[in-house]
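Okay, so here's the structure we're looking at.
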Amino acid sequence: MIYIFGDSHANFNFKNMPYKHVNLYENSITMHRIGRDGIFKFDPSYNTLDSIFIMAYGEVDCRCHIGKEVRNGRLFKEVCSTLVDAYIEKIKKHIPVFKKIILCSIVPPTSNKHLVYPEGFPFPLLGEDLERIGNTKYVNSLLKEACLLNGYEFLDIYEHYAELDGTLKYESSDKIVHIIDNEYILASVGKLISP
């Protein structure tokens, strides 16, 4: 069985997945919150030698919270490494038995010039495009490194969905922050889970 955990991106990125799965996404949950509180909706019975776990968190952290912490005086690399280290430790704590753990890269940030705010929905965003691109690329590099160190798989979707300037391809998005053209993601998952 494939168990998908993540924020709203886990819902969008894996919509219509053709493999047997359970999507346990929870809107607006941050990587920071997972590192602090643990994996939401997780049940220890999911831990089997046949289980594949897909983890998709971090977009909200890169869009808002990393910049906020830096503005409050913390060092950028320390904020990011603390964030990812705590996240990985919670994954290790909750998932000691598995067939595969797949960490998803964080999607490219939507350009400020393209961002459409949903009516009646407060949508936090902090920083210019270059800052949020830098946040996302650096956290993705830490996630990729964590995969190498822990024997996890890294599902790198950033480059495929990034414009030349590093922002999210507008035509592949929901005009907010999510990917809607997810065929590449589903095909990439298929390659990662095949024996």
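Order determines the names: the first chain of the structure tokens is A, the second B, and so forth; residues in each chain are numbered 1 upward, and ligands are numbered 1 upward as they are shown.
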
Name all residues at most 12 Å from Tyr138 (chain A) (count only C-alpha atoms; drop same-chain ones fewer than 5 positions away) and give them as number ranges by chain.
A: 58, 62, 66, 76-81, 83-84, 105-106, 108, 131-133, 143-145, 158

Take the residues just selected and output them with N, CA, C and O atoms as a PDB file, in the first residue's frame.
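Wrote selection07.pdb, looks like this:
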ATOM      1  N   GLY A  58       6.247  21.321   3.084  1.00  0.00           N
ATOM      2  CA  GLY A  58       7.282  22.334   3.019  1.00  0.00           C
ATOM      3  C   GLY A  58       6.983  23.573   2.205  1.00  0.00           C
ATOM      4  O   GLY A  58       7.681  24.576   2.348  1.00  0.00           O
ATOM      5  N   CYS A  62       8.414  27.433   3.018  1.00  0.00           N
ATOM      6  CA  CYS A  62       9.260  28.198   2.091  1.00  0.00           C
ATOM      7  C   CYS A  62       8.582  29.488   1.639  1.00  0.00           C
ATOM      8  O   CYS A  62       9.258  30.478   1.356  1.00  0.00           O
ATOM      9  N   ILE A  66      10.084  30.601   6.671  1.00  0.00           N
ATOM     10  CA  ILE A  66      11.541  30.738   6.684  1.00  0.00           C
ATOM     11  C   ILE A  66      11.911  32.223   6.652  1.00  0.00           C
ATOM     12  O   ILE A  66      12.737  32.687   7.439  1.00  0.00           O
ATOM     13  N   PHE A  76      19.738  32.086   7.975  1.00  0.00           N
ATOM     14  CA  PHE A  76      18.982  31.352   6.958  1.00  0.00           C
ATOM     15  C   PHE A  76      19.294  29.852   6.964  1.00  0.00           C
ATOM     16  O   PHE A  76      18.387  29.013   7.049  1.00  0.00           O
ATOM     17  N   LYS A  77      20.575  29.500   6.891  1.00  0.00           N
ATOM     18  CA  LYS A  77      20.930  28.072   6.819  1.00  0.00           C
ATOM     19  C   LYS A  77      20.554  27.337   8.095  1.00  0.00           C
ATOM     20  O   LYS A  77      20.155  26.171   8.053  1.00  0.00           O
ATOM     21  N   GLU A  78      20.646  28.004   9.227  1.00  0.00           N
ATOM     22  CA  GLU A  78      20.267  27.376  10.497  1.00  0.00           C
ATOM     23  C   GLU A  78      18.767  27.122  10.539  1.00  0.00           C
ATOM     24  O   GLU A  78      18.317  26.062  10.981  1.00  0.00           O
ATOM     25  N   VAL A  79      17.977  28.081  10.069  1.00  0.00           N
ATOM     26  CA  VAL A  79      16.517  27.909  10.031  1.00  0.00           C
ATOM     27  C   VAL A  79      16.172  26.688   9.184  1.00  0.00           C
ATOM     28  O   VAL A  79      15.405  25.810   9.605  1.00  0.00           O
ATOM     29  N   CYS A  80      16.753  26.612   8.001  1.00  0.00           N
ATOM     30  CA  CYS A  80      16.422  25.529   7.069  1.00  0.00           C
ATOM     31  C   CYS A  80      16.903  24.173   7.575  1.00  0.00           C
ATOM     32  O   CYS A  80      16.171  23.182   7.507  1.00  0.00           O
ATOM     33  N   SER A  81      18.126  24.110   8.094  1.00  0.00           N
ATOM     34  CA  SER A  81      18.642  22.823   8.554  1.00  0.00           C
ATOM     35  C   SER A  81      17.892  22.337   9.789  1.00  0.00           C
ATOM     36  O   SER A  81      17.596  21.141   9.921  1.00  0.00           O
ATOM     37  N   LEU A  83      14.778  22.999  10.463  1.00  0.00           N
ATOM     38  CA  LEU A  83      13.479  22.594   9.930  1.00  0.00           C
ATOM     39  C   LEU A  83      13.528  21.175   9.362  1.00  0.00           C
ATOM     40  O   LEU A  83      12.724  20.306   9.720  1.00  0.00           O
ATOM     41  N   VAL A  84      14.485  20.931   8.482  1.00  0.00           N
ATOM     42  CA  VAL A  84      14.579  19.625   7.814  1.00  0.00           C
ATOM     43  C   VAL A  84      15.016  18.540   8.793  1.00  0.00           C
ATOM     44  O   VAL A  84      14.479  17.426   8.769  1.00  0.00           O
ATOM     45  N   SER A 105      10.171  16.789  -3.439  1.00  0.00           N
ATOM     46  CA  SER A 105      10.708  18.151  -3.441  1.00  0.00           C
ATOM     47  C   SER A 105       9.537  19.120  -3.325  1.00  0.00           C
ATOM     48  O   SER A 105       8.394  18.795  -3.642  1.00  0.00           O
ATOM     49  N   ILE A 106       9.863  20.302  -2.875  1.00  0.00           N
ATOM     50  CA  ILE A 106       8.862  21.357  -2.756  1.00  0.00           C
ATOM     51  C   ILE A 106       8.684  21.991  -4.128  1.00  0.00           C
ATOM     52  O   ILE A 106       9.649  22.178  -4.874  1.00  0.00           O
ATOM     53  N   PRO A 108       8.024  24.727  -7.110  1.00  0.00           N
ATOM     54  CA  PRO A 108       8.510  26.100  -7.270  1.00  0.00           C
ATOM     55  C   PRO A 108       7.476  27.099  -6.754  1.00  0.00           C
ATOM     56  O   PRO A 108       6.270  26.853  -6.820  1.00  0.00           O
ATOM     57  N   GLU A 131      13.768  35.488  -3.144  1.00  0.00           N
ATOM     58  CA  GLU A 131      13.908  34.977  -1.780  1.00  0.00           C
ATOM     59  C   GLU A 131      13.201  33.635  -1.631  1.00  0.00           C
ATOM     60  O   GLU A 131      13.760  32.671  -1.092  1.00  0.00           O
ATOM     61  N   ARG A 132      11.984  33.554  -2.128  1.00  0.00           N
ATOM     62  CA  ARG A 132      11.226  32.307  -1.980  1.00  0.00           C
ATOM     63  C   ARG A 132      11.801  31.192  -2.859  1.00  0.00           C
ATOM     64  O   ARG A 132      11.779  30.020  -2.474  1.00  0.00           O
ATOM     65  N   ILE A 133      12.347  31.546  -4.020  1.00  0.00           N
ATOM     66  CA  ILE A 133      13.049  30.557  -4.852  1.00  0.00           C
ATOM     67  C   ILE A 133      14.257  30.018  -4.086  1.00  0.00           C
ATOM     68  O   ILE A 133      14.498  28.805  -4.038  1.00  0.00           O
ATOM     69  N   LEU A 143      16.622  18.185   1.671  1.00  0.00           N
ATOM     70  CA  LEU A 143      15.790  16.974   1.594  1.00  0.00           C
ATOM     71  C   LEU A 143      16.476  15.899   0.760  1.00  0.00           C
ATOM     72  O   LEU A 143      16.462  14.708   1.123  1.00  0.00           O
ATOM     73  N   LYS A 144      17.068  16.292  -0.345  1.00  0.00           N
ATOM     74  CA  LYS A 144      17.776  15.338  -1.204  1.00  0.00           C
ATOM     75  C   LYS A 144      18.943  14.715  -0.446  1.00  0.00           C
ATOM     76  O   LYS A 144      19.165  13.496  -0.511  1.00  0.00           O
ATOM     77  N   GLU A 145      19.683  15.520   0.284  1.00  0.00           N
ATOM     78  CA  GLU A 145      20.797  15.012   1.085  1.00  0.00           C
ATOM     79  C   GLU A 145      20.303  14.052   2.158  1.00  0.00           C
ATOM     80  O   GLU A 145      20.912  13.004   2.412  1.00  0.00           O
ATOM     81  N   TYR A 158      10.852  19.776  -8.903  1.00  0.00           N
ATOM     82  CA  TYR A 158      11.067  21.218  -8.992  1.00  0.00           C
ATOM     83  C   TYR A 158      11.419  21.658 -10.417  1.00  0.00           C
ATOM     84  O   TYR A 158      10.754  22.525 -10.984  1.00  0.00           O
TER      85      TYR A 158
END

Would you please extract all strand (DSSP E) residues from region 2-69 of chain A, as assigned by DSSP on the backbone, and give them as a list in words?
Ile2, Tyr3, Ile4, Phe5, Gly6, His21, Val22, Asn23, Ile52, Phe53, Ile54, Met55 and Ala56 of chain A

Just want the 12 Å neighbourhood of region 33-48 of chain A, counted on only C-alpha atoms, with same-chain residues fewer than 5 positions away dropped. Output as a compact mmCIF listing (two decimals) with N, CA, C and O atoms, in the first residue's frame.
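Listing of selection.txt after writing:
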# COMPACT_ATOMS: atom_id res chain seq x y z
N MET A 1 0.85 -1.19 0.00
CA MET A 1 0.00 0.00 0.00
C MET A 1 0.88 1.24 0.00
O MET A 1 1.92 1.28 0.64
N ILE A 2 0.43 2.26 -0.69
CA ILE A 2 1.10 3.55 -0.69
C ILE A 2 0.32 4.49 0.22
O ILE A 2 -0.90 4.64 0.07
N TYR A 3 1.02 5.09 1.16
CA TYR A 3 0.42 6.07 2.07
C TYR A 3 1.01 7.44 1.74
O TYR A 3 2.23 7.61 1.77
N ILE A 4 0.15 8.38 1.43
CA ILE A 4 0.59 9.73 1.07
C ILE A 4 0.26 10.67 2.21
O ILE A 4 -0.88 10.74 2.66
N PHE A 5 1.28 11.39 2.66
CA PHE A 5 1.11 12.39 3.71
C PHE A 5 1.61 13.73 3.17
O PHE A 5 2.62 13.79 2.48
N GLY A 6 0.92 14.79 3.51
CA GLY A 6 1.38 16.10 3.07
C GLY A 6 0.32 17.16 3.28
O GLY A 6 -0.76 16.90 3.82
N ASP A 7 0.66 18.35 2.82
CA ASP A 7 -0.29 19.46 2.85
C ASP A 7 -1.16 19.39 1.59
O ASP A 7 -1.26 18.33 0.97
N HIS A 21 -3.58 3.31 -3.18
CA HIS A 21 -3.02 4.24 -2.22
C HIS A 21 -4.10 4.79 -1.30
O HIS A 21 -5.30 4.67 -1.57
N VAL A 22 -3.64 5.42 -0.24
CA VAL A 22 -4.49 6.18 0.68
C VAL A 22 -3.85 7.56 0.80
O VAL A 22 -2.68 7.67 1.17
N ASN A 23 -4.60 8.60 0.46
CA ASN A 23 -4.07 9.95 0.56
C ASN A 23 -4.56 10.59 1.85
O ASN A 23 -5.75 10.85 2.01
N LEU A 24 -3.65 10.82 2.77
CA LEU A 24 -3.98 11.33 4.10
C LEU A 24 -3.55 12.79 4.26
O LEU A 24 -3.18 13.22 5.35
N TYR A 25 -3.62 13.54 3.17
CA TYR A 25 -3.19 14.94 3.21
C TYR A 25 -4.05 15.75 4.19
O TYR A 25 -5.17 15.39 4.50
N GLU A 26 -3.47 16.83 4.63
CA GLU A 26 -4.16 17.76 5.54
C GLU A 26 -3.76 19.17 5.10
O GLU A 26 -2.57 19.52 5.13
N ASN A 27 -4.71 19.98 4.70
CA ASN A 27 -4.40 21.33 4.21
C ASN A 27 -3.61 22.15 5.22
O ASN A 27 -3.86 22.08 6.42
N SER A 28 -2.65 22.91 4.70
CA SER A 28 -1.91 23.93 5.46
C SER A 28 -1.03 23.41 6.58
O SER A 28 -0.60 24.19 7.43
N PHE A 53 5.74 5.06 1.65
CA PHE A 53 5.29 6.33 2.21
C PHE A 53 5.78 7.47 1.33
O PHE A 53 6.96 7.54 1.01
N ILE A 54 4.85 8.34 0.96
CA ILE A 54 5.20 9.54 0.20
C ILE A 54 4.93 10.73 1.11
O ILE A 54 3.82 10.88 1.63
N MET A 55 5.94 11.57 1.28
CA MET A 55 5.85 12.72 2.18
C MET A 55 5.99 14.00 1.37
O MET A 55 6.98 14.17 0.65
N ALA A 56 5.00 14.89 1.47
CA ALA A 56 4.99 16.11 0.65
C ALA A 56 4.63 17.33 1.50
O ALA A 56 3.48 17.78 1.51
N TYR A 57 5.60 17.85 2.22
CA TYR A 57 5.42 19.04 3.05
C TYR A 57 6.47 20.08 2.69
O TYR A 57 7.49 19.76 2.10
N GLY A 58 6.25 21.32 3.08
CA GLY A 58 7.28 22.33 3.02
C GLY A 58 6.98 23.57 2.20
O GLY A 58 7.68 24.58 2.35
N VAL A 60 4.51 25.75 2.36
CA VAL A 60 4.10 26.87 3.21
C VAL A 60 5.30 27.42 3.98
O VAL A 60 5.46 28.63 4.11
N ASP A 61 6.17 26.52 4.45
CA ASP A 61 7.37 26.95 5.16
C ASP A 61 8.22 27.86 4.27
O ASP A 61 8.69 28.91 4.70
N HIS A 65 7.30 31.08 6.28
CA HIS A 65 7.86 30.99 7.62
C HIS A 65 9.38 31.10 7.68
O HIS A 65 9.92 31.63 8.65
N SER A 81 18.13 24.11 8.09
CA SER A 81 18.64 22.82 8.55
C SER A 81 17.89 22.34 9.79
O SER A 81 17.60 21.14 9.92
N THR A 82 17.53 23.25 10.69
CA THR A 82 16.74 22.87 11.86
C THR A 82 15.38 22.33 11.42
O THR A 82 14.89 21.33 11.95
N LEU A 83 14.78 23.00 10.46
CA LEU A 83 13.48 22.59 9.93
C LEU A 83 13.53 21.17 9.36
O LEU A 83 12.72 20.31 9.72
N VAL A 84 14.48 20.93 8.48
CA VAL A 84 14.58 19.63 7.81
C VAL A 84 15.02 18.54 8.79
O VAL A 84 14.48 17.43 8.77
N ASP A 85 15.96 18.84 9.67
CA ASP A 85 16.42 17.83 10.64
C ASP A 85 15.28 17.35 11.53
O ASP A 85 15.13 16.14 11.77
N ALA A 86 14.46 18.27 12.03
CA ALA A 86 13.34 17.89 12.90
C ALA A 86 12.31 17.06 12.13
O ALA A 86 11.75 16.09 12.65
N TYR A 87 12.07 17.44 10.89
CA TYR A 87 11.14 16.72 10.01
C TYR A 87 11.61 15.29 9.79
O TYR A 87 10.84 14.33 9.95
N ILE A 88 12.89 15.12 9.48
CA ILE A 88 13.43 13.78 9.23
C ILE A 88 13.40 12.94 10.50
O ILE A 88 13.08 11.74 10.45
N GLU A 89 13.69 13.56 11.63
CA GLU A 89 13.65 12.80 12.89
C GLU A 89 12.25 12.28 13.19
O GLU A 89 12.09 11.16 13.68
N LYS A 90 11.22 13.08 12.89
CA LYS A 90 9.85 12.60 13.12
C LYS A 90 9.49 11.48 12.14
O LYS A 90 8.79 10.54 12.51
N ILE A 91 9.96 11.58 10.91
CA ILE A 91 9.72 10.49 9.95
C ILE A 91 10.36 9.21 10.47
O ILE A 91 9.74 8.14 10.48
N LYS A 92 11.59 9.29 10.93
CA LYS A 92 12.28 8.10 11.47
C LYS A 92 11.53 7.53 12.67
O LYS A 92 11.41 6.31 12.81
N LYS A 93 11.04 8.42 13.53
CA LYS A 93 10.34 7.98 14.74
C LYS A 93 9.04 7.25 14.38
O LYS A 93 8.73 6.21 14.96
N HIS A 94 8.28 7.81 13.43
CA HIS A 94 6.98 7.23 13.08
C HIS A 94 7.09 6.04 12.14
O HIS A 94 6.21 5.18 12.15
N ILE A 95 8.12 6.02 11.29
CA ILE A 95 8.18 5.00 10.23
C ILE A 95 9.49 4.21 10.33
O ILE A 95 10.42 4.41 9.54
N PRO A 96 9.56 3.26 11.29
CA PRO A 96 10.77 2.45 11.40
C PRO A 96 10.77 1.26 10.43
O PRO A 96 11.82 0.68 10.16
N VAL A 97 9.59 0.89 9.93
CA VAL A 97 9.47 -0.27 9.04
C VAL A 97 8.79 0.20 7.76
O VAL A 97 7.72 0.81 7.80
N PHE A 98 9.40 -0.11 6.61
CA PHE A 98 8.85 0.37 5.35
C PHE A 98 9.52 -0.35 4.18
O PHE A 98 10.60 -0.91 4.33
N LYS A 99 8.85 -0.29 3.05
CA LYS A 99 9.47 -0.74 1.80
C LYS A 99 10.24 0.42 1.19
O LYS A 99 11.40 0.28 0.81
N LYS A 100 9.58 1.58 1.10
CA LYS A 100 10.23 2.79 0.60
C LYS A 100 9.62 4.01 1.28
O LYS A 100 8.43 4.02 1.58
N ILE A 101 10.46 4.99 1.47
CA ILE A 101 10.00 6.32 1.86
C ILE A 101 10.44 7.26 0.76
O ILE A 101 11.61 7.28 0.37

Write out as a PyMOL selection string all residues of region 7-180 of chain A that backbone DSSP assigns to alpha helix (DSSP H).
chain A and resi 8-13+31-37+59-60+66-71+76-94+129-150

Nearby residues (only C-alpha atoms) at most 12 Å from Ile193 (chain A), same-chain spacing under 2 positions excluded, as a PyMOL selection string:
chain A and resi 1-2+19-20+50-54+99-102+152-155+186-191+195

Could you turn the residues from that selection into a file that holds N, CA, C and O atoms, as an mmCIF file, in the first residue's frame?
data_model
loop_
_atom_site.group_PDB
_atom_site.id
_atom_site.type_symbol
_atom_site.label_atom_id
_atom_site.label_comp_id
_atom_site.auth_asym_id
_atom_site.auth_seq_id
_atom_site.Cartn_x
_atom_site.Cartn_y
_atom_site.Cartn_z
ATOM 1 N N MET A 1 0.845 -1.191 0.000
ATOM 2 C CA MET A 1 0.000 0.000 0.000
ATOM 3 C C MET A 1 0.882 1.243 0.000
ATOM 4 O O MET A 1 1.919 1.276 0.645
ATOM 5 N N ILE A 2 0.433 2.259 -0.686
ATOM 6 C CA ILE A 2 1.101 3.554 -0.691
ATOM 7 C C ILE A 2 0.318 4.491 0.220
ATOM 8 O O ILE A 2 -0.899 4.643 0.066
ATOM 9 N N TYR A 19 -2.129 3.876 -8.773
ATOM 10 C CA TYR A 19 -1.664 2.805 -7.902
ATOM 11 C C TYR A 19 -2.481 2.812 -6.617
ATOM 12 O O TYR A 19 -2.935 3.864 -6.169
ATOM 13 N N LYS A 20 -2.649 1.638 -6.036
ATOM 14 C CA LYS A 20 -3.430 1.522 -4.812
ATOM 15 C C LYS A 20 -2.789 2.385 -3.726
ATOM 16 O O LYS A 20 -1.604 2.219 -3.415
ATOM 17 N N ASP A 50 5.807 -3.927 3.239
ATOM 18 C CA ASP A 50 5.229 -3.669 1.917
ATOM 19 C C ASP A 50 4.774 -2.221 1.747
ATOM 20 O O ASP A 50 4.292 -1.851 0.674
ATOM 21 N N SER A 51 4.906 -1.413 2.769
ATOM 22 C CA SER A 51 4.366 -0.046 2.736
ATOM 23 C C SER A 51 5.337 0.933 2.086
ATOM 24 O O SER A 51 6.536 0.929 2.367
ATOM 25 N N ILE A 52 4.769 1.782 1.235
ATOM 26 C CA ILE A 52 5.504 2.877 0.625
ATOM 27 C C ILE A 52 4.885 4.168 1.155
ATOM 28 O O ILE A 52 3.667 4.341 1.119
ATOM 29 N N PHE A 53 5.740 5.060 1.653
ATOM 30 C CA PHE A 53 5.287 6.325 2.210
ATOM 31 C C PHE A 53 5.776 7.471 1.332
ATOM 32 O O PHE A 53 6.957 7.536 1.008
ATOM 33 N N ILE A 54 4.855 8.338 0.955
ATOM 34 C CA ILE A 54 5.197 9.537 0.202
ATOM 35 C C ILE A 54 4.926 10.727 1.110
ATOM 36 O O ILE A 54 3.822 10.884 1.634
ATOM 37 N N LYS A 99 8.846 -0.291 3.046
ATOM 38 C CA LYS A 99 9.467 -0.743 1.803
ATOM 39 C C LYS A 99 10.241 0.420 1.185
ATOM 40 O O LYS A 99 11.402 0.280 0.811
ATOM 41 N N LYS A 100 9.584 1.577 1.103
ATOM 42 C CA LYS A 100 10.226 2.790 0.601
ATOM 43 C C LYS A 100 9.621 4.007 1.282
ATOM 44 O O LYS A 100 8.426 4.021 1.581
ATOM 45 N N ILE A 101 10.464 4.993 1.470
ATOM 46 C CA ILE A 101 9.999 6.322 1.862
ATOM 47 C C ILE A 101 10.442 7.264 0.758
ATOM 48 O O ILE A 101 11.611 7.276 0.369
ATOM 49 N N ILE A 102 9.482 8.015 0.234
ATOM 50 C CA ILE A 102 9.749 8.958 -0.858
ATOM 51 C C ILE A 102 9.480 10.365 -0.331
ATOM 52 O O ILE A 102 8.353 10.684 0.069
ATOM 53 N N TYR A 152 16.304 6.876 1.632
ATOM 54 C CA TYR A 152 14.992 7.229 1.104
ATOM 55 C C TYR A 152 15.131 7.597 -0.372
ATOM 56 O O TYR A 152 16.228 7.804 -0.880
ATOM 57 N N GLU A 153 14.012 7.693 -1.047
ATOM 58 C CA GLU A 153 13.975 8.150 -2.435
ATOM 59 C C GLU A 153 13.607 9.628 -2.449
ATOM 60 O O GLU A 153 12.835 10.094 -1.602
ATOM 61 N N PHE A 154 14.130 10.352 -3.423
ATOM 62 C CA PHE A 154 13.815 11.771 -3.566
ATOM 63 C C PHE A 154 13.050 11.967 -4.863
ATOM 64 O O PHE A 154 13.550 11.636 -5.939
ATOM 65 N N LEU A 155 11.828 12.443 -4.758
ATOM 66 C CA LEU A 155 10.994 12.725 -5.929
ATOM 67 C C LEU A 155 11.187 14.193 -6.282
ATOM 68 O O LEU A 155 10.595 15.079 -5.675
ATOM 69 N N LEU A 186 3.061 11.644 -11.519
ATOM 70 C CA LEU A 186 2.567 10.270 -11.467
ATOM 71 C C LEU A 186 3.511 9.318 -12.179
ATOM 72 O O LEU A 186 3.764 8.199 -11.697
ATOM 73 N N ALA A 187 4.045 9.717 -13.306
ATOM 74 C CA ALA A 187 5.006 8.878 -14.031
ATOM 75 C C ALA A 187 6.276 8.684 -13.212
ATOM 76 O O ALA A 187 6.838 7.582 -13.175
ATOM 77 N N SER A 188 6.706 9.737 -12.533
ATOM 78 C CA SER A 188 7.924 9.647 -11.708
ATOM 79 C C SER A 188 7.704 8.721 -10.517
ATOM 80 O O SER A 188 8.602 7.952 -10.145
ATOM 81 N N VAL A 189 6.526 8.777 -9.918
ATOM 82 C CA VAL A 189 6.211 7.850 -8.821
ATOM 83 C C VAL A 189 6.254 6.419 -9.338
ATOM 84 O O VAL A 189 6.804 5.521 -8.677
ATOM 85 N N GLY A 190 5.685 6.184 -10.509
ATOM 86 C CA GLY A 190 5.701 4.844 -11.092
ATOM 87 C C GLY A 190 7.110 4.292 -11.218
ATOM 88 O O GLY A 190 7.369 3.114 -10.915
ATOM 89 N N LYS A 191 8.049 5.131 -11.632
ATOM 90 C CA LYS A 191 9.447 4.688 -11.752
ATOM 91 C C LYS A 191 10.053 4.385 -10.388
ATOM 92 O O LYS A 191 10.830 3.435 -10.228
ATOM 93 N N PRO A 195 9.614 -2.396 -9.035
ATOM 94 C CA PRO A 195 10.646 -3.249 -8.402
ATOM 95 C C PRO A 195 12.005 -3.128 -9.066
ATOM 96 O O PRO A 195 12.127 -2.810 -10.208
#

CA of Cys104 (chain A) and CA of Ile176 (chain A), how far apart in Å?
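Separation of CA of Ile176 (chain A) and CA of Cys104 (chain A): 19.3 Å.
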
Once you count only C-alpha atoms, what closest atom pair and distance in Å to one decimal does each residue of region 8-118 of chain A within 10 Å of region 178-182 of chain A have, with rows by chain and rising residue number, as a tab-separated table?
residue	atom	partner	partner_atom	distance
A:Ser8	CA	A:His178	CA	8.0
A:His9	CA	A:His178	CA	6.1
A:Ala10	CA	A:His178	CA	9.5
A:Asn11	CA	A:His178	CA	9.4
A:Phe12	CA	A:Ile180	CA	6.2
A:Asn13	CA	A:Asn182	CA	5.7
A:Phe14	CA	A:Asn182	CA	7.1
A:Lys15	CA	A:Asn182	CA	7.6
A:Asn16	CA	A:Asn182	CA	9.0
A:Met17	CA	A:Asn182	CA	9.4
A:Glu59	CA	A:His178	CA	9.6
A:Val107	CA	A:His178	CA	7.9
A:Pro108	CA	A:His178	CA	9.3
A:Pro109	CA	A:His178	CA	9.2
A:Thr110	CA	A:His178	CA	8.6

Save out the residues we just selected, N, CA and C atoms, as an mmCIF file, in the first residue's frame.
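That gives us result.cif:
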data_model
loop_
_atom_site.group_PDB
_atom_site.id
_atom_site.type_symbol
_atom_site.label_atom_id
_atom_site.label_comp_id
_atom_site.auth_asym_id
_atom_site.auth_seq_id
_atom_site.Cartn_x
_atom_site.Cartn_y
_atom_site.Cartn_z
ATOM 1 N N SER A 8 -1.762 20.483 1.205
ATOM 2 C CA SER A 8 -2.655 20.462 0.038
ATOM 3 C C SER A 8 -1.951 20.015 -1.239
ATOM 4 N N HIS A 9 -0.632 20.189 -1.307
ATOM 5 C CA HIS A 9 0.114 19.748 -2.495
ATOM 6 C C HIS A 9 0.052 18.237 -2.655
ATOM 7 N N ALA A 10 -0.042 17.513 -1.562
ATOM 8 C CA ALA A 10 -0.172 16.059 -1.654
ATOM 9 C C ALA A 10 -1.489 15.677 -2.326
ATOM 10 N N ASN A 11 -2.508 16.488 -2.132
ATOM 11 C CA ASN A 11 -3.789 16.250 -2.787
ATOM 12 C C ASN A 11 -3.681 16.535 -4.284
ATOM 13 N N PHE A 12 -3.142 17.688 -4.642
ATOM 14 C CA PHE A 12 -3.034 18.074 -6.056
ATOM 15 C C PHE A 12 -2.014 17.215 -6.810
ATOM 16 N N ASN A 13 -0.838 17.011 -6.221
ATOM 17 C CA ASN A 13 0.234 16.308 -6.932
ATOM 18 C C ASN A 13 -0.090 14.855 -7.247
ATOM 19 N N PHE A 14 -0.902 14.228 -6.411
ATOM 20 C CA PHE A 14 -1.152 12.789 -6.578
ATOM 21 C C PHE A 14 -2.600 12.471 -6.946
ATOM 22 N N LYS A 15 -3.311 13.482 -7.407
ATOM 23 C CA LYS A 15 -4.689 13.268 -7.862
ATOM 24 C C LYS A 15 -4.688 12.270 -9.020
ATOM 25 N N ASN A 16 -5.644 11.350 -8.998
ATOM 26 C CA ASN A 16 -5.807 10.312 -10.034
ATOM 27 C C ASN A 16 -4.627 9.353 -10.113
ATOM 28 N N MET A 17 -3.947 9.134 -9.013
ATOM 29 C CA MET A 17 -2.837 8.185 -9.013
ATOM 30 C C MET A 17 -3.371 6.786 -9.318
ATOM 31 N N GLU A 59 5.966 23.546 1.349
ATOM 32 C CA GLU A 59 5.706 24.724 0.511
ATOM 33 C C GLU A 59 5.339 25.936 1.353
ATOM 34 N N VAL A 107 7.453 22.297 -4.466
ATOM 35 C CA VAL A 107 7.149 22.873 -5.777
ATOM 36 C C VAL A 107 7.739 24.269 -5.889
ATOM 37 N N PRO A 108 8.024 24.727 -7.110
ATOM 38 C CA PRO A 108 8.510 26.100 -7.270
ATOM 39 C C PRO A 108 7.476 27.099 -6.754
ATOM 40 N N PRO A 109 7.938 28.232 -6.250
ATOM 41 C CA PRO A 109 6.986 29.244 -5.769
ATOM 42 C C PRO A 109 6.309 29.969 -6.928
ATOM 43 N N THR A 110 5.080 30.355 -6.709
ATOM 44 C CA THR A 110 4.364 31.150 -7.704
ATOM 45 C C THR A 110 4.938 32.563 -7.723
#

For each of A:Leu168, A:Leu115, A:Leu103, A:Ile185, take the minimum atom-to-atom distance to Asn150 (chain A), counting only C-alpha atoms, then give the residue where this is smallest.
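Among A:Leu168, A:Leu115, A:Leu103, A:Ile185, it is A:Leu103 that comes nearest to Asn150 (chain A).
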
Go through A:Ile157, A:Met31, A:Leu130, A:Leu75 and flag the residue nearest Glu183 (chain A), using only C-alpha atoms for the distances.
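Nearest to Glu183 (chain A): A:Ile157.
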
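Note that CA of Gly166 (chain A) and CA of Cys147 (chain A) are 22.7 Å apart.
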
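Going from CA of Ser172 (chain A) over to CA of Thr136 (chain A), you cover 18.0 Å.
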
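Minimum atom-to-atom distance to Leu125 (chain A), evaluated using only C-alpha atoms, belongs to A:Cys64 out of A:Cys64, A:Ser194, A:Leu49, A:Ala162.
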
From the set A:Val177, A:Val70, A:Leu192, A:Ile29, which residue has the shortest atom-to-atom contact distance to Tyr161 (chain A), counting only C-alpha atoms?
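Once distances to Tyr161 (chain A) are computed over only C-alpha atoms, the minimum belongs to A:Val177.
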